[in-house]
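Enquirer: This is the structure, below, for whatever I ask next.
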Amino acid sequence: MTGLRLSQGHASCEKARMRNRYGLAGPNPHAKRNHPVNDNEERPVTIITGRVWKKKGGKPEGVHVMLVAPDDDSAVRRALESLAAEGYAEAELDQIGDMDGEPDEEPHLSAYQGALEGEVSIVTFDEPI
């Protein structure tokens with residue numbers, strides 16, 4: 001699956017092993033956040049936040065990844081695969097959660113719509129120093 005990348009920076013391609021660090025919501029950090037959904041119900045859009053690097057040790061960019069997935073593990077796996085396919089060498093994923101509704105502004109609105117259509121949408125932005 002091709003990822004949608006909405007970005008404000010320059011890109012350079014570099015393949016490398018990706019690492020992740022993410023937290024699961026809820027009182028039990030080992031419990032699944034997403035509950036089984038009836039096939040007739042739409043799954044919510046999941047958002048994962050963190051930082052990414054094009055080059056190991058380079059300048060970090062903030063990242064929001066939006067996608068629809070059956071559970072947290074699948075969401076994180078698909079997010080990391082898409083980030084690697086876009087040329088990111090490293091990723092630190094900090095938070096994961098379900099979106100309550102459609103965002104009001106771009107580029108998140110387009111990313112949300114892409115996620116509803118089955119894409120893994122990636123929004124990057126300058127990471128404050």
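Ligands are numbered from 1 in the order shown, chains are lettered A, B, ... in the order of the structure tokens, and residues start at 1 in each chain.
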Based on DSSP run over this structure's backbone, return all residues of region 50-126 of chain A in strand (DSSP E or B), as a PyMOL selection string.
Expert: chain A and resi 50-53+60-67+90-98+120-126
Enquirer: Can you tell me which residues surround Ala91 (chain A) at a distance of at most 12 Å, considering only C-alpha atoms, apart from same-chain residues fewer than 2 positions away, and format the answer as a VMD selection string?
Expert: chain A and resid 16 to 22 48 to 65 76 to 77 79 to 84 86 to 89 93 to 94 124
Enquirer: Could you save the residues just selected, with N, CA and C atoms, as a tab-separated table (two decimals), in the first residue's frame?
Expert:
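Contents of the output file result.tsv:
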chain	number	residue	atom	x	y	z
A	16	ALA	N	16.98	2.16	5.98
A	16	ALA	CA	17.62	1.80	7.25
A	16	ALA	C	16.60	1.09	8.12
A	17	ARG	N	17.10	0.43	9.13
A	17	ARG	CA	16.23	-0.25	10.08
A	17	ARG	C	15.53	0.80	10.95
A	18	MET	N	14.23	0.65	11.15
A	18	MET	CA	13.46	1.61	11.92
A	18	MET	C	13.25	1.08	13.34
A	19	ARG	N	13.23	1.98	14.32
A	19	ARG	CA	12.93	1.58	15.68
A	19	ARG	C	11.70	2.36	16.13
A	20	ASN	N	10.97	1.83	17.10
A	20	ASN	CA	9.79	2.55	17.55
A	20	ASN	C	9.67	2.50	19.06
A	21	ARG	N	8.93	3.50	19.56
A	21	ARG	CA	8.60	3.58	20.97
A	21	ARG	C	7.21	4.19	21.02
A	22	TYR	N	6.25	3.42	21.54
A	22	TYR	CA	4.89	3.94	21.56
A	22	TYR	C	4.18	3.48	22.82
A	48	ILE	N	-1.27	8.28	15.06
A	48	ILE	CA	-0.04	7.97	15.79
A	48	ILE	C	0.86	9.19	15.67
A	49	THR	N	1.38	9.65	16.81
A	49	THR	CA	2.24	10.83	16.80
A	49	THR	C	3.66	10.46	17.21
A	50	GLY	N	4.62	11.24	16.76
A	50	GLY	CA	6.01	10.99	17.12
A	50	GLY	C	6.95	11.87	16.33
A	51	ARG	N	8.15	11.35	16.10
A	51	ARG	CA	9.20	12.05	15.37
A	51	ARG	C	9.82	11.08	14.37
A	52	VAL	N	10.33	11.63	13.26
A	52	VAL	CA	11.02	10.83	12.25
A	52	VAL	C	12.29	11.54	11.82
A	53	TRP	N	13.23	10.76	11.29
A	53	TRP	CA	14.50	11.28	10.77
A	53	TRP	C	14.74	10.69	9.40
A	54	LYS	N	15.10	11.53	8.44
A	54	LYS	CA	15.48	11.05	7.11
A	54	LYS	C	16.84	10.38	7.16
A	55	LYS	N	17.76	10.96	7.94
A	55	LYS	CA	19.10	10.41	8.11
A	55	LYS	C	19.31	10.14	9.58
A	56	LYS	N	19.93	9.01	9.89
A	56	LYS	CA	20.23	8.69	11.29
A	56	LYS	C	21.07	9.81	11.90
A	57	GLY	N	20.59	10.34	13.04
A	57	GLY	CA	21.29	11.42	13.70
A	57	GLY	C	21.04	12.79	13.09
A	58	GLY	N	20.19	12.87	12.07
A	58	GLY	CA	19.90	14.14	11.41
A	58	GLY	C	18.85	14.94	12.16
A	59	LYS	N	18.29	15.91	11.47
A	59	LYS	CA	17.29	16.79	12.05
A	59	LYS	C	15.94	16.06	12.15
A	60	PRO	N	15.30	16.08	13.33
A	60	PRO	CA	14.01	15.40	13.46
A	60	PRO	C	12.87	16.23	12.88
A	61	GLU	N	11.85	15.53	12.41
A	61	GLU	CA	10.60	16.15	11.98
A	61	GLU	C	9.51	15.55	12.84
A	62	GLY	N	8.51	16.35	13.20
A	62	GLY	CA	7.33	15.81	13.85
A	62	GLY	C	6.51	15.04	12.84
A	63	VAL	N	5.76	14.04	13.31
A	63	VAL	CA	4.95	13.25	12.38
A	63	VAL	C	3.61	12.89	13.01
A	64	HIS	N	2.57	12.93	12.20
A	64	HIS	CA	1.26	12.40	12.54
A	64	HIS	C	0.91	11.41	11.44
A	65	VAL	N	0.69	10.16	11.82
A	65	VAL	CA	0.31	9.12	10.86
A	65	VAL	C	-1.15	8.77	11.11
A	76	VAL	N	0.59	0.25	14.22
A	76	VAL	CA	2.01	0.61	14.36
A	76	VAL	C	2.84	-0.06	13.27
A	77	ARG	N	2.58	-1.31	12.99
A	77	ARG	CA	3.33	-2.03	11.95
A	77	ARG	C	3.14	-1.35	10.59
A	79	ALA	N	2.20	1.75	10.01
A	79	ALA	CA	2.80	3.08	10.06
A	79	ALA	C	4.30	3.00	9.81
A	80	LEU	N	4.98	2.08	10.50
A	80	LEU	CA	6.43	1.95	10.33
A	80	LEU	C	6.80	1.50	8.92
A	81	GLU	N	6.02	0.59	8.35
A	81	GLU	CA	6.28	0.15	6.98
A	81	GLU	C	6.14	1.31	6.00
A	82	SER	N	5.11	2.13	6.19
A	82	SER	CA	4.90	3.27	5.30
A	82	SER	C	5.98	4.33	5.47
A	83	LEU	N	6.40	4.57	6.70
A	83	LEU	CA	7.49	5.53	6.94
A	83	LEU	C	8.78	5.05	6.28
A	84	ALA	N	9.08	3.78	6.41
A	84	ALA	CA	10.28	3.22	5.77
A	84	ALA	C	10.19	3.34	4.25
A	86	GLU	N	8.72	5.58	2.62
A	86	GLU	CA	8.90	6.99	2.27
A	86	GLU	C	10.33	7.47	2.48
A	87	GLY	N	11.21	6.57	2.93
A	87	GLY	CA	12.62	6.91	3.05
A	87	GLY	C	13.09	7.37	4.41
A	88	TYR	N	12.27	7.21	5.44
A	88	TYR	CA	12.70	7.62	6.78
A	88	TYR	C	13.60	6.54	7.38
A	89	ALA	N	14.72	6.97	7.95
A	89	ALA	CA	15.69	6.05	8.52
A	89	ALA	C	15.34	5.65	9.94
A	93	LEU	N	7.74	6.62	17.84
A	93	LEU	CA	6.30	6.81	17.91
A	93	LEU	C	5.91	6.88	19.37
A	94	ASP	N	5.28	7.98	19.77
A	94	ASP	CA	5.01	8.25	21.17
A	94	ASP	C	3.59	7.93	21.62
A	124	THR	N	4.05	15.46	8.03
A	124	THR	CA	5.27	15.82	8.75
A	124	THR	C	5.32	17.34	8.92
Enquirer: Find the distance between CA of Tyr112 (chain A) and CA of Glu41 (chain A) and write it in Å to one decimal.
Expert: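 For CA of Tyr112 (chain A) relative to CA of Glu41 (chain A), the distance reads 17.5 Å.
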Enquirer: Between CA of Pro128 (chain A) and CA of Leu116 (chain A), what is the spacing in Å?
Expert: 29.2 Å
Enquirer: CA of Asp72 (chain A) and CA of Glu42 (chain A) are how many Å apart?
Expert: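 It comes out at 16.1 Å.
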Enquirer: As number ranges by chain, please: the residues near Met66 (chain A) (cut-off 8 Å, only C-alpha atoms, same-chain neighbours under 5 positions excluded).
Expert: A: 45-48, 111-112, 115, 120-122
Enquirer: Would you export the selected residues with C-alpha atoms as an mmCIF file, in the first residue's frame, please?
Expert:
data_model
loop_
_atom_site.group_PDB
_atom_site.id
_atom_site.type_symbol
_atom_site.label_atom_id
_atom_site.label_comp_id
_atom_site.auth_asym_id
_atom_site.auth_seq_id
_atom_site.Cartn_x
_atom_site.Cartn_y
_atom_site.Cartn_z
ATOM 1 C CA VAL A 45 -9.260 6.649 12.084
ATOM 2 C CA THR A 46 -6.225 5.961 14.264
ATOM 3 C CA ILE A 47 -3.621 8.688 14.729
ATOM 4 C CA ILE A 48 -0.038 7.966 15.787
ATOM 5 C CA ALA A 111 -4.775 12.926 5.572
ATOM 6 C CA TYR A 112 -7.947 11.932 7.431
ATOM 7 C CA ALA A 115 -7.064 7.170 5.888
ATOM 8 C CA VAL A 120 -1.654 5.346 5.407
ATOM 9 C CA SER A 121 -1.457 9.143 5.542
ATOM 10 C CA ILE A 122 1.714 10.809 6.817
#
